[in-house]
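final13.pdb (PDB, C-alpha atoms) appears below.
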```
ATOM      1  CA  ILE A   1     -16.432  -8.903  14.736
ATOM      2  CA  VAL A   2     -13.763  -7.517  17.036
ATOM      3  CA  ILE A   3     -10.136  -7.232  15.905
ATOM      4  CA  VAL A   4      -7.737  -7.937  18.772
ATOM      5  CA  PRO A   5      -4.366  -6.426  17.808
ATOM      6  CA  GLY A   6      -1.102  -8.093  18.670
ATOM      7  CA  THR A   7       2.357  -6.684  18.150
ATOM      8  CA  ASN A   8       1.929  -4.253  15.267
ATOM      9  CA  ARG A   9       5.066  -4.936  13.267
ATOM     10  CA  ALA A  10       5.616  -4.590   9.546
ATOM     11  CA  GLY A  11       3.871  -7.934   9.053
ATOM     12  CA  ALA A  12       4.637 -11.349   7.599
ATOM     13  CA  LEU A  13       4.646  -9.919   4.058
ATOM     14  CA  SER A  14       7.743  -7.829   3.387
ATOM     15  CA  VAL A  15       6.713  -4.961   1.091
ATOM     16  CA  THR A  16       9.204  -2.611  -0.511
ATOM     17  CA  LEU A  17       7.726   0.628  -1.832
ATOM     18  CA  ALA A  18       9.792   1.893  -4.761
ATOM     19  CA  GLN A  19       8.386   5.380  -5.250
ATOM     20  CA  VAL A  20       9.348   7.893  -7.922
ATOM     21  CA  ILE A  21       9.578  11.092  -5.892
ATOM     22  CA  PRO A  22       6.667  13.430  -6.668
ATOM     23  CA  ARG A  23       7.062  17.163  -6.460
ATOM     24  CA  GLY A  24       6.290  19.260  -3.408
ATOM     25  CA  SER A  25       5.649  17.620  -0.065
ATOM     26  CA  ALA A  26       3.761  14.603  -1.431
ATOM     27  CA  MET A  27       6.664  12.274  -0.570
ATOM     28  CA  ASP A  28       6.331  13.299   3.083
ATOM     29  CA  LEU A  29       2.750  12.046   3.063
ATOM     30  CA  ILE A  30       3.737   8.832   1.296
ATOM     31  CA  VAL A  31       6.509   8.054   3.792
ATOM     32  CA  GLY A  32       4.222   8.572   6.788
ATOM     33  CA  LYS A  33       1.249   6.645   5.489
ATOM     34  CA  ALA A  34       3.376   3.842   4.017
ATOM     35  CA  THR A  35       4.886   3.392   7.480
ATOM     36  CA  GLU A  36       1.390   3.084   8.940
ATOM     37  CA  LEU A  37       0.508   0.563   6.226
ATOM     38  CA  GLY A  38       3.390  -1.672   7.256
ATOM     39  CA  VAL A  39       5.986  -1.387   4.488
ATOM     40  CA  SER A  40       9.399  -2.827   5.282
ATOM     41  CA  ARG A  41      11.456  -0.620   2.970
ATOM     42  CA  ILE A  42      11.009   2.647   1.078
ATOM     43  CA  VAL A  43      13.161   3.388  -1.967
ATOM     44  CA  PRO A  44      12.930   6.974  -3.344
ATOM     45  CA  LEU A  45      13.541   7.017  -7.085
ATOM     46  CA  GLU A  46      14.217   9.415  -9.927
ATOM     47  CA  ALA A  47      12.734   8.592 -13.329
ATOM     48  CA  GLU A  48      12.426  10.075 -16.817
ATOM     49  CA  ARG A  49       9.424  12.211 -15.900
ATOM     50  CA  SER A  50      10.804  13.497 -12.625
ATOM     51  CA  VAL A  51      10.055  17.219 -12.496
ATOM     52  CA  ARG A  52      13.443  18.099 -11.090
ATOM     53  CA  ARG A  53      16.367  16.382  -9.471
ATOM     54  CA  ALA A  54      15.279  15.209  -6.050
ATOM     55  CA  THR A  55      16.976  16.574  -2.987
ATOM     56  CA  ALA A  56      17.968  14.228  -0.204
ATOM     57  CA  ARG A  57      15.517  14.519   2.676
ATOM     58  CA  GLY A  58      16.637  11.465   4.612
ATOM     59  CA  PRO A  59      16.564  13.004   8.099
ATOM     60  CA  ARG A  60      13.148  14.566   7.492
ATOM     61  CA  TRP A  61      11.681  11.355   6.092
ATOM     62  CA  ARG A  62      13.110   9.301   8.962
ATOM     63  CA  ARG A  63      11.509  11.696  11.431
ATOM     64  CA  ILE A  64       8.179  11.437   9.638
ATOM     65  CA  ALA A  65       8.407   7.623   9.639
ATOM     66  CA  GLN A  66       9.204   7.601  13.349
ATOM     67  CA  GLU A  67       6.240   9.832  14.179
ATOM     68  CA  ALA A  68       3.945   7.645  12.049
ATOM     69  CA  ALA A  69       5.217   4.486  13.737
ATOM     70  CA  GLU A  70       4.570   5.948  17.174
ATOM     71  CA  GLN A  71       1.083   7.039  16.149
ATOM     72  CA  CYS A  72       0.063   3.592  14.866
ATOM     73  CA  GLY A  73       1.806   1.564  17.558
ATOM     74  CA  ARG A  74       4.440   0.077  15.276
ATOM     75  CA  PRO A  75       7.642  -0.802  17.200
ATOM     76  CA  ASP A  76       9.965  -0.855  14.177
ATOM     77  CA  LEU A  77      10.710   1.523  11.320
ATOM     78  CA  PRO A  78      10.907   0.856   7.580
ATOM     79  CA  GLU A  79      14.333   0.970   6.034
ATOM     80  CA  LEU A  80      14.794   4.205   4.059
ATOM     81  CA  ALA A  81      17.118   3.641   1.110
ATOM     82  CA  PRO A  82      19.168   6.382  -0.573
ATOM     83  CA  ILE A  83      17.731   8.060  -3.682
ATOM     84  CA  ALA A  84      18.467   6.036  -6.810
ATOM     85  CA  SER A  85      17.599   6.156 -10.486
ATOM     86  CA  LEU A  86      14.826   3.843 -11.627
ATOM     87  CA  GLU A  87      17.154   2.106 -14.095
ATOM     88  CA  ALA A  88      19.788   1.431 -11.433
ATOM     89  CA  TYR A  89      17.162   0.126  -9.046
ATOM     90  CA  LEU A  90      15.699  -2.253 -11.630
ATOM     91  CA  CYS A  91      19.154  -3.574 -12.488
ATOM     92  CA  GLY A  92      19.751  -4.414  -8.837
ATOM     93  CA  HIS A  93      16.273  -5.701  -8.004
ATOM     94  CA  PRO A  94      16.531  -9.104  -6.319
ATOM     95  CA  GLU A  95      15.594 -12.081  -8.463
ATOM     96  CA  GLY A  96      12.644 -14.094  -7.267
ATOM     97  CA  VAL A  97      10.892 -11.123  -5.653
ATOM     98  CA  PRO A  98       7.763 -10.143  -7.618
ATOM     99  CA  LEU A  99       7.642  -6.513  -8.752
ATOM    100  CA  VAL A 100       4.199  -4.947  -9.103
ATOM    101  CA  ALA A 101       4.237  -1.713 -11.104
ATOM    102  CA  CYS A 102       1.255   0.625 -11.127
ATOM    103  CA  ASP A 103       0.372   1.371 -14.737
ATOM    104  CA  PRO A 104      -3.028   2.742 -15.817
ATOM    105  CA  SER A 105      -2.499   2.022 -19.507
ATOM    106  CA  GLU A 106      -4.539  -0.481 -21.454
ATOM    107  CA  GLY A 107      -3.283  -4.016 -21.042
ATOM    108  CA  SER A 108      -2.520  -3.797 -17.340
ATOM    109  CA  ARG A 109      -4.407  -6.193 -15.103
ATOM    110  CA  PRO A 110      -6.457  -5.111 -12.067
ATOM    111  CA  LEU A 111      -4.300  -5.026  -8.949
ATOM    112  CA  VAL A 112      -6.727  -7.318  -7.116
ATOM    113  CA  SER A 113      -6.236 -10.008  -9.771
ATOM    114  CA  VAL A 114      -2.464  -9.615  -9.633
ATOM    115  CA  CYS A 115      -2.479  -9.984  -5.853
ATOM    116  CA  ARG A 116      -4.579 -13.144  -6.039
ATOM    117  CA  ASP A 117      -2.045 -14.669  -8.421
ATOM    118  CA  LEU A 118       0.713 -13.843  -5.923
ATOM    119  CA  HIS A 119      -0.970 -15.643  -3.028
ATOM    120  CA  GLY A 120       1.625 -17.128  -0.696
ATOM    121  CA  VAL A 121       4.533 -14.784  -1.479
ATOM    122  CA  THR A 122       6.536 -13.518   1.489
ATOM    123  CA  ALA A 123       8.038 -10.453  -0.227
ATOM    124  CA  LEU A 124       7.193  -8.127  -3.094
ATOM    125  CA  THR A 125       8.059  -4.710  -4.471
ATOM    126  CA  LEU A 126       5.488  -2.073  -5.359
ATOM    127  CA  LEU A 127       6.665   0.454  -7.950
ATOM    128  CA  VAL A 128       4.728   3.715  -8.286
ATOM    129  CA  GLY A 129       5.531   6.521 -10.711
ATOM    130  CA  GLY A 130       5.525  10.242 -10.030
ATOM    131  CA  GLU A 131       3.712  12.992 -11.917
ATOM    132  CA  GLY A 132       2.576  11.637 -15.263
ATOM    133  CA  GLY A 133       3.382   8.076 -14.251
ATOM    134  CA  LEU A 134       6.108   6.010 -15.862
ATOM    135  CA  SER A 135       7.241   6.797 -19.411
ATOM    136  CA  PRO A 136       6.472   4.451 -22.338
ATOM    137  CA  GLY A 137      10.131   3.456 -22.422
ATOM    138  CA  GLU A 138      10.102   2.597 -18.720
ATOM    139  CA  ILE A 139       6.931   0.541 -19.153
ATOM    140  CA  GLU A 140       8.605  -1.430 -21.948
ATOM    141  CA  ARG A 141      11.624  -1.939 -19.722
ATOM    142  CA  LEU A 142       9.294  -3.481 -17.139
ATOM    143  CA  ARG A 143       7.797  -6.012 -19.537
ATOM    144  CA  SER A 144       9.906  -8.910 -18.306
ATOM    145  CA  PRO A 145       9.424 -12.071 -16.232
ATOM    146  CA  GLY A 146       8.646 -11.390 -12.596
ATOM    147  CA  VAL A 147       7.093  -7.974 -13.279
ATOM    148  CA  HIS A 148       3.341  -7.441 -13.062
ATOM    149  CA  LEU A 149       1.753  -4.304 -14.550
ATOM    150  CA  ALA A 150      -1.272  -3.474 -12.419
ATOM    151  CA  SER A 151      -4.131  -1.025 -12.776
ATOM    152  CA  LEU A 152      -5.962   0.724  -9.943
ATOM    153  CA  GLY A 153      -9.078   1.448 -11.985
ATOM    154  CA  PRO A 154     -10.327   3.883 -14.617
ATOM    155  CA  ARG A 155      -9.562   7.117 -12.761
ATOM    156  CA  LEU A 156      -6.278   8.988 -13.025
ATOM    157  CA  LEU A 157      -4.802   9.097  -9.506
ATOM    158  CA  ARG A 158      -2.200  11.366  -8.001
ATOM    159  CA  ALA A 159       1.090   9.673  -7.155
ATOM    160  CA  GLU A 160       0.443   9.702  -3.415
ATOM    161  CA  THR A 161      -3.100   8.382  -3.854
ATOM    162  CA  ALA A 162      -1.919   5.557  -6.107
ATOM    163  CA  ALA A 163       0.810   4.487  -3.687
ATOM    164  CA  LEU A 164      -1.442   4.357  -0.636
ATOM    165  CA  ALA A 165      -4.379   2.756  -2.442
ATOM    166  CA  ALA A 166      -2.123   0.043  -3.869
ATOM    167  CA  LEU A 167      -0.517  -0.630  -0.493
ATOM    168  CA  ALA A 168      -3.918  -0.958   1.138
ATOM    169  CA  VAL A 169      -5.036  -3.495  -1.477
ATOM    170  CA  ILE A 170      -1.812  -5.504  -1.161
ATOM    171  CA  GLN A 171      -2.022  -5.627   2.629
ATOM    172  CA  ALA A 172      -5.720  -6.514   2.532
ATOM    173  CA  ILE A 173      -5.197  -9.466   0.180
ATOM    174  CA  LEU A 174      -1.655 -10.670   0.882
ATOM    175  CA  GLY A 175      -0.502  -9.023   4.105
ATOM    176  CA  ASP A 176      -1.531  -8.654   7.720
ATOM    177  CA  GLY A 177      -4.839  -7.080   6.738
ATOM    178  CA  ALA A 178      -6.056 -10.413   5.351
ATOM    179  CA  LEU A 179      -8.288 -12.080   7.939
ATOM    180  CA  ARG A 180      -9.090 -15.764   8.096
ATOM    181  CA  GLU A 181     -12.711 -16.616   7.753
ATOM    182  CA  THR A 182     -12.534 -19.141  10.615
ATOM    183  CA  THR A 183     -13.619 -17.419  13.809
ATOM    184  CA  GLY A 184     -11.032 -17.427  16.563
ATOM    185  CA  GLN A 185      -7.993 -18.188  14.406
ATOM    186  CA  GLY A 186      -5.324 -15.546  14.110
ATOM    187  CA  HIS A 187      -3.680 -14.276  10.957
ATOM    188  CA  GLY A 188      -0.339 -12.579  11.366
ATOM    189  CA  PRO A 189      -0.347 -10.207  14.347
ATOM    190  CA  ARG A 190      -4.127 -10.151  14.688
ATOM    191  CA  GLN A 191      -6.876 -12.396  15.931
ATOM    192  CA  VAL A 192     -10.531 -12.459  15.011
ATOM    193  CA  VAL A 193     -13.085 -13.216  17.698
ATOM    194  CA  ALA A 194     -16.854 -13.214  17.557
ATOM    195  CA  ALA A 195     -18.478 -10.218  19.192
ATOM    196  CA  ALA A 196     -21.085 -10.850  21.868
ATOM    197  CA  ALA A 197     -24.652 -10.249  20.775
ATOM    198  CA  GLN A 198     -25.856  -6.837  21.787
ATOM    199  CA  PRO A 199     -29.174  -6.466  23.657
ATOM    200  CA  GLU A 200     -31.932  -5.162  21.470
ATOM    201  CA  ASP A 201     -32.511  -1.452  21.800
ATOM    202  CA  PRO A 202     -36.223  -0.832  22.530
ATOM    203  CA  ARG A 203     -35.931   2.553  20.812
ATOM    204  CA  ARG A 204     -34.855   0.942  17.540
ATOM    205  CA  LEU A 205     -37.360   1.284  14.719
ATOM    206  CA  PRO A 206     -38.879  -2.003  13.531
ATOM    207  CA  GLU A 207     -37.560  -3.506  10.310
ATOM    208  CA  GLY A 208     -39.805  -4.133   7.343
ATOM    209  CA  PRO A 209     -42.627  -2.026   5.870
ATOM    210  CA  TRP A 210     -44.241   0.686   7.909
ATOM    211  CA  PRO A 211     -47.682  -0.246   9.339
ATOM    212  CA  ALA A 212     -50.609   1.077   7.344
ATOM    213  CA  SER A 213     -52.148   4.290   8.589
ATOM    214  CA  SER A 214     -55.493   3.898  10.446
ATOM    215  CA  SER A 215     -56.842   7.086   8.927
TER     216      SER A 215
END
```
Let's see the structure in the file written out as structure tokens.
Amino acid sequence: IVIVPGTNRAGALSVTLAQVIPRGSAMDLIVGKATELGVSRIVPLEAERSVRRATARGPRWRRIAQEAAEQCGRPDLPELAPIASLEAYLCGHPEGVPLVACDPSEGSRPLVSVCRDLHGVTALTLLVGGEGGLSPGEIERLRSPGVHLASLGPRLLRAETAALAALAVIQAILGDGALRETTGQGHGPRQVVAAAAQPEDPRRLPEGPWPASSS
């Protein structure tokens, strides 16, 4: 199968990444890779377990997003919102837009299952905690209609790993990474075409069991 790329925009699915700012330079990595993964908006957040008050790095993050967009052939840039508290962001979150929060605790559903239930949505928000994840109080605050607590598996992931893994799953199932099974029909900015059969290589080893030795 050959993937023929079209215009590599953010995609038909509008994804907002609401990310509690991790310490160090991890947010730089998240901004760059989230841009490559097609997010429409990035919202840096402060939460109860934030290690220290975040410093505004808007110009740096915009530069990183621009470099990532140029590298992956994306003609637009994600919107970079000002730093906000998690509580303030949740209070202003638009109604009708599903919010998927990464939570490894028992009772959360696998992210793949959550995404399948959200088939057909045109916008969603992905919320990822920082070091130590979200606090118990914040998790309780999220237990409300329209919020889906999702698990990424049994392993404890770093904040940047969780964000990028979750974005990849969302785009693969709901976004422009999802490919139609019907050959030749496009999905979003891409088209799937059947690859021509390759001539058999005479040097290729035969399949199946090895012939018995004559000795």
Tell me, in Å to one decimal, how far CA of Gln66 (chain A) is from CA of Val51 (chain A).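 Distance between the two atoms: 27.6 Å.
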Two-atom distance - CA of Gly133 (chain A), CA of Ala69 (chain A) (Å): 28.3 Å
Please compute the CA of Thr125 (chain A)-CA of Arg57 (chain A) distance, one decimal, in Å.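 Separation of CA of Thr125 (chain A) and CA of Arg57 (chain A): 21.8 Å.
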Between A:Ala101, A:Val31, A:Ile83, A:Leu174, which is the closest to Leu142 (chain A) once you count all atoms listed in the file?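 Under the stated criterion, the closest residue is A:Ala101.
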Run the PyMOL selection byres ((chain A and resi 24) around 12) against the file shown and list the residues it catches, as a PyMOL selection string. chain A and resi 21-23+25-30+50-52+54-55+130-131+159-160
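Using all atoms listed in the file, the shortest contact distance between Leu167 (chain A) and any of A:Gly137, A:Gly146, A:Gly38, A:Pro154 is found at A:Gly38.
Each of A:Cys102, A:Ala18, A:Ala163, A:Leu13 was checked against Ala123 (chain A) using only C-alpha atoms; the smallest atom-to-atom distance is that of A:Leu13.
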Could you work out an axis-aligned box for region 83-86 of chain A, taking every atom the file lists and adding 4 Å on each side, and report centre and edge lengths in Å to one decimal, as lines of an AutoDock Vina configuration file?
```
center_x = 16.6
center_y = 6.0
center_z = -7.7
size_x = 11.6
size_y = 12.2
size_z = 15.9
```
Would you mind listing what lies within 9 Å of Pro104 (chain A) as a list in words, with all atoms listed in the file counted and same-chain residues fewer than 5 positions away left out?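 Surrounding residues, per the criterion: Gly133, Leu149, Ala150, Ser151, Leu152, Gly153, Pro154, Arg155 and Leu156 of chain A.
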Keeping only C-alpha atoms, take the residues you just selected and write them out as a compact mmCIF listing (two decimals), keeping the file's coordinate frame.
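Output below, filename out.txt:
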```txt
# COMPACT_ATOMS: atom_id res chain seq x y z
CA GLY A 133 3.38 8.08 -14.25
CA LEU A 149 1.75 -4.30 -14.55
CA ALA A 150 -1.27 -3.47 -12.42
CA SER A 151 -4.13 -1.02 -12.78
CA LEU A 152 -5.96 0.72 -9.94
CA GLY A 153 -9.08 1.45 -11.98
CA PRO A 154 -10.33 3.88 -14.62
CA ARG A 155 -9.56 7.12 -12.76
CA LEU A 156 -6.28 8.99 -13.02
```
Using all atoms listed in the file, which of A:Val169, A:Val43, A:Ile139, A:Val20 sits nearest Gly107 (chain A)? A:Ile139
Could you tell me which residues the PyMOL selection byres ((chain A and resi 173) around 12) grabs in this file, written as a compact mmCIF listing (two decimals) with C-alpha atoms, in the frame of the given file?
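Everything below was put into out-v4.txt:
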```
# COMPACT_ATOMS: atom_id res chain seq x y z
CA LEU A 13 4.65 -9.92 4.06
CA LEU A 111 -4.30 -5.03 -8.95
CA VAL A 112 -6.73 -7.32 -7.12
CA SER A 113 -6.24 -10.01 -9.77
CA VAL A 114 -2.46 -9.62 -9.63
CA CYS A 115 -2.48 -9.98 -5.85
CA ARG A 116 -4.58 -13.14 -6.04
CA ASP A 117 -2.04 -14.67 -8.42
CA LEU A 118 0.71 -13.84 -5.92
CA HIS A 119 -0.97 -15.64 -3.03
CA GLY A 120 1.62 -17.13 -0.70
CA VAL A 121 4.53 -14.78 -1.48
CA ALA A 166 -2.12 0.04 -3.87
CA LEU A 167 -0.52 -0.63 -0.49
CA ALA A 168 -3.92 -0.96 1.14
CA VAL A 169 -5.04 -3.50 -1.48
CA ILE A 170 -1.81 -5.50 -1.16
CA GLN A 171 -2.02 -5.63 2.63
CA ALA A 172 -5.72 -6.51 2.53
CA LEU A 174 -1.66 -10.67 0.88
CA GLY A 175 -0.50 -9.02 4.11
CA ASP A 176 -1.53 -8.65 7.72
CA GLY A 177 -4.84 -7.08 6.74
CA ALA A 178 -6.06 -10.41 5.35
CA LEU A 179 -8.29 -12.08 7.94
CA ARG A 180 -9.09 -15.76 8.10
CA HIS A 187 -3.68 -14.28 10.96
```
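Comparing A:Glu140, A:Asp103, A:Glu87, A:Glu67 by their smallest distance to Val128 (chain A), the closest is A:Asp103 (using all atoms listed in the file).
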Shortest interatomic distance to Leu90 (chain A) - which of A:Ser144, A:Ser105, A:Gln71, A:Ser14, counting only C-alpha atoms: A:Ser144
Residue contacts of Val39 (chain A) (10 Å, all atoms listed in the file) excluding same-chain residues fewer than 2 positions away, as a PyMOL selection string: chain A and resi 9-11+13-17+31+33-37+41-42+77-79+125-126+167+171
